[in-house]
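Q: For reference, the structure I am asking about is given below.
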Amino acid sequence: MTWLDEEQQRLWRHWLLLSTRLPAALNRQLQADSDLSLADFEVLVQLSETPGGRVRTRDLGAALGWEKSRLSHHLTRMGTRGLVRRTGAADDARGSVVVLTDDGRSAIEAAAPGHVETVRELFFAGLGPDQVRVLTGLTDAVLARLPD
C-alpha cells in the first residue's frame, strides 16, 4: 500500500473540508435569504435552464448526480411547496417530467442574485483569472475520471 505523501494528504483533507463547508455556507445563505435549500436551488437551476422549464425526471437526476430515491423524495417536498410539479411524459407512459411552476421560477429569480453574490464572495474573491483557469482545468480532469 502506498500512502498519500504529505502534500497530497494536505490537499485531500482541505478538499474534503471545502466540499463540506462551502455547500453548508451556501445552504445557510439560501435558507436565510429565500427559504430555499441548496438542493432546491440546484433543481430550480436545472429546470430554469431547460426549454419550457420541463425535463424528464431521469435526465434531471443524471444532471444532478442524485439517486432516484433522493430525487423522488426531494421533488415531492418541492411539489408540496408549489415550486415544481410532475406530469407523465407524453412520449412514454412509464416516464415522468418535472415542470418548473410560476412559483418556482419566481423563487429562483429572487434567490439567484444573493446566491451569486455569496459564491463570488466565498469562492472567487480570493482567486485571480489564472487561478480560476488552473482550478477549472484541475476539476475538469478529475471529473473526467469519475463515473456518471
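We name chains A, B, ... following the order of the C-alpha cells; residues begin at 1 in each chain, and ligands are numbered from 1 as shown.
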Write out as a ChimeraX atom specification all residues of stretch 64-108 of chain A that backbone DSSP assigns to helix (DSSP H, G or I).

A: /A:64,68-80,102-108

Q: Please identify which residues in stretch 11-144 of chain A DSSP calls strand (DSSP E or B) from the backbone, and express them as a ChimeraX atom specification.

A: /A:54-56,84-89,92-100

Q: Can you spit out the residues from that selection as an mmCIF file, in the first residue's frame, using N, CA and C atoms?

A:
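Below is the file that was written, out_5.cif:
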data_model
loop_
_atom_site.group_PDB
_atom_site.id
_atom_site.type_symbol
_atom_site.label_atom_id
_atom_site.label_comp_id
_atom_site.auth_asym_id
_atom_site.auth_seq_id
_atom_site.Cartn_x
_atom_site.Cartn_y
_atom_site.Cartn_z
ATOM 1 N N ARG A 54 -39.086 22.338 -18.398
ATOM 2 C CA ARG A 54 -39.513 20.936 -18.298
ATOM 3 C C ARG A 54 -38.331 20.024 -18.576
ATOM 4 N N VAL A 55 -38.214 18.958 -17.795
ATOM 5 C CA VAL A 55 -37.150 17.982 -18.040
ATOM 6 C C VAL A 55 -37.620 16.609 -17.563
ATOM 7 N N ARG A 56 -37.219 15.585 -18.287
ATOM 8 C CA ARG A 56 -37.547 14.221 -17.852
ATOM 9 C C ARG A 56 -36.907 13.985 -16.493
ATOM 10 N N VAL A 84 -42.406 22.974 -8.016
ATOM 11 C CA VAL A 84 -42.375 22.116 -9.198
ATOM 12 C C VAL A 84 -43.646 21.272 -9.211
ATOM 13 N N ARG A 85 -43.907 20.673 -10.367
ATOM 14 C CA ARG A 85 -44.957 19.654 -10.449
ATOM 15 C C ARG A 85 -44.463 18.555 -11.369
ATOM 16 N N ARG A 86 -45.003 17.366 -11.176
ATOM 17 C CA ARG A 86 -44.617 16.230 -12.022
ATOM 18 C C ARG A 86 -45.808 15.822 -12.873
ATOM 19 N N THR A 87 -45.493 15.484 -14.105
ATOM 20 C CA THR A 87 -46.524 15.007 -15.023
ATOM 21 C C THR A 87 -45.975 13.792 -15.762
ATOM 22 N N GLY A 88 -46.867 13.085 -16.417
ATOM 23 C CA GLY A 88 -46.439 11.957 -17.236
ATOM 24 C C GLY A 88 -45.757 12.452 -18.499
ATOM 25 N N ALA A 89 -44.838 11.665 -19.000
ATOM 26 C CA ALA A 89 -44.156 12.005 -20.256
ATOM 27 C C ALA A 89 -45.089 11.702 -21.416
ATOM 28 N N ASP A 92 -43.894 8.562 -23.414
ATOM 29 C CA ASP A 92 -43.567 7.328 -22.703
ATOM 30 C C ASP A 92 -44.457 7.221 -21.470
ATOM 31 N N ALA A 93 -45.367 6.276 -21.489
ATOM 32 C CA ALA A 93 -46.328 6.143 -20.386
ATOM 33 C C ALA A 93 -45.656 5.851 -19.045
ATOM 34 N N ARG A 94 -44.459 5.276 -19.081
ATOM 35 C CA ARG A 94 -43.759 4.952 -17.831
ATOM 36 C C ARG A 94 -42.903 6.103 -17.318
ATOM 37 N N GLY A 95 -42.579 7.047 -18.195
ATOM 38 C CA GLY A 95 -41.699 8.153 -17.814
ATOM 39 C C GLY A 95 -42.463 9.307 -17.190
ATOM 40 N N SER A 96 -41.726 10.188 -16.549
ATOM 41 C CA SER A 96 -42.334 11.385 -15.972
ATOM 42 C C SER A 96 -41.471 12.598 -16.275
ATOM 43 N N VAL A 97 -42.098 13.742 -16.186
ATOM 44 C CA VAL A 97 -41.458 15.019 -16.477
ATOM 45 C C VAL A 97 -41.642 15.918 -15.261
ATOM 46 N N VAL A 98 -40.586 16.658 -14.918
ATOM 47 C CA VAL A 98 -40.659 17.647 -13.852
ATOM 48 C C VAL A 98 -40.818 19.007 -14.519
ATOM 49 N N VAL A 99 -41.756 19.796 -14.002
ATOM 50 C CA VAL A 99 -42.073 21.091 -14.594
ATOM 51 C C VAL A 99 -41.858 22.182 -13.552
ATOM 52 N N LEU A 100 -41.181 23.235 -13.957
ATOM 53 C CA LEU A 100 -40.985 24.404 -13.111
ATOM 54 C C LEU A 100 -42.283 25.201 -13.083
#

Q: Could you jot down the atom CA of A:Lys68 to atom CA of A:Leu138 separation for me, Å, one decimal place?

A: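 Atom CA of A:Lys68 sits 28.9 Å away from atom CA of A:Leu138.
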
Q: Tell me which protein, DNA and RNA residues are within 10 Å of A:Ala110, counting only C-alpha atoms, leaving out same-chain ones fewer than 6 positions away, and put them as a PyMOL selection string.

A: chain A and resi 33-34+104

Q: Determine, for each residue of stretch 66-116 of chain A having at least one atom at most 9 Å from an atom of stretch 17-32 of chain A, the closest pair of atoms and their separation in Å to one decimal, counting only C-alpha atoms; order by chain and ascending number, as JSON lines.

A:
{"residue": "A:Ala111", "atom": "CA", "partner": "A:Leu30", "partner_atom": "CA", "distance": 6.9}
{"residue": "A:Ala112", "atom": "CA", "partner": "A:Leu30", "partner_atom": "CA", "distance": 9.0}
{"residue": "A:Gly114", "atom": "CA", "partner": "A:Leu30", "partner_atom": "CA", "distance": 7.8}
{"residue": "A:His115", "atom": "CA", "partner": "A:Leu30", "partner_atom": "CA", "distance": 6.6}

Q: May I ask which of the residues A:Val142, A:Val43, A:Ala125, A:Val134 is the closest one to A:Ala63, counting only C-alpha atoms?

A: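 Between A:Val142, A:Val43, A:Ala125, A:Val134, the residue approaching A:Ala63 most closely is A:Val43.
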
Q: So how far away is atom CA of A:Ile108 from atom CA of A:Phe41, in Å?

A: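 That distance, rounded to one decimal, is 6.8 Å.
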
Q: So the first atom is atom CA of A:Glu49 and the second is atom CA of A:Ser106; what is the distance between them in Å, to one decimal place?

A: 13.8 Å

Q: Between A:Asp102, A:Glu121, A:Asp140, A:Asp148, which one has atoms that come closest to A:Ser48, using only C-alpha atoms?

A: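 Of A:Asp102, A:Glu121, A:Asp140, A:Asp148, the one nearest A:Ser48 is A:Asp102, counting only C-alpha atoms.
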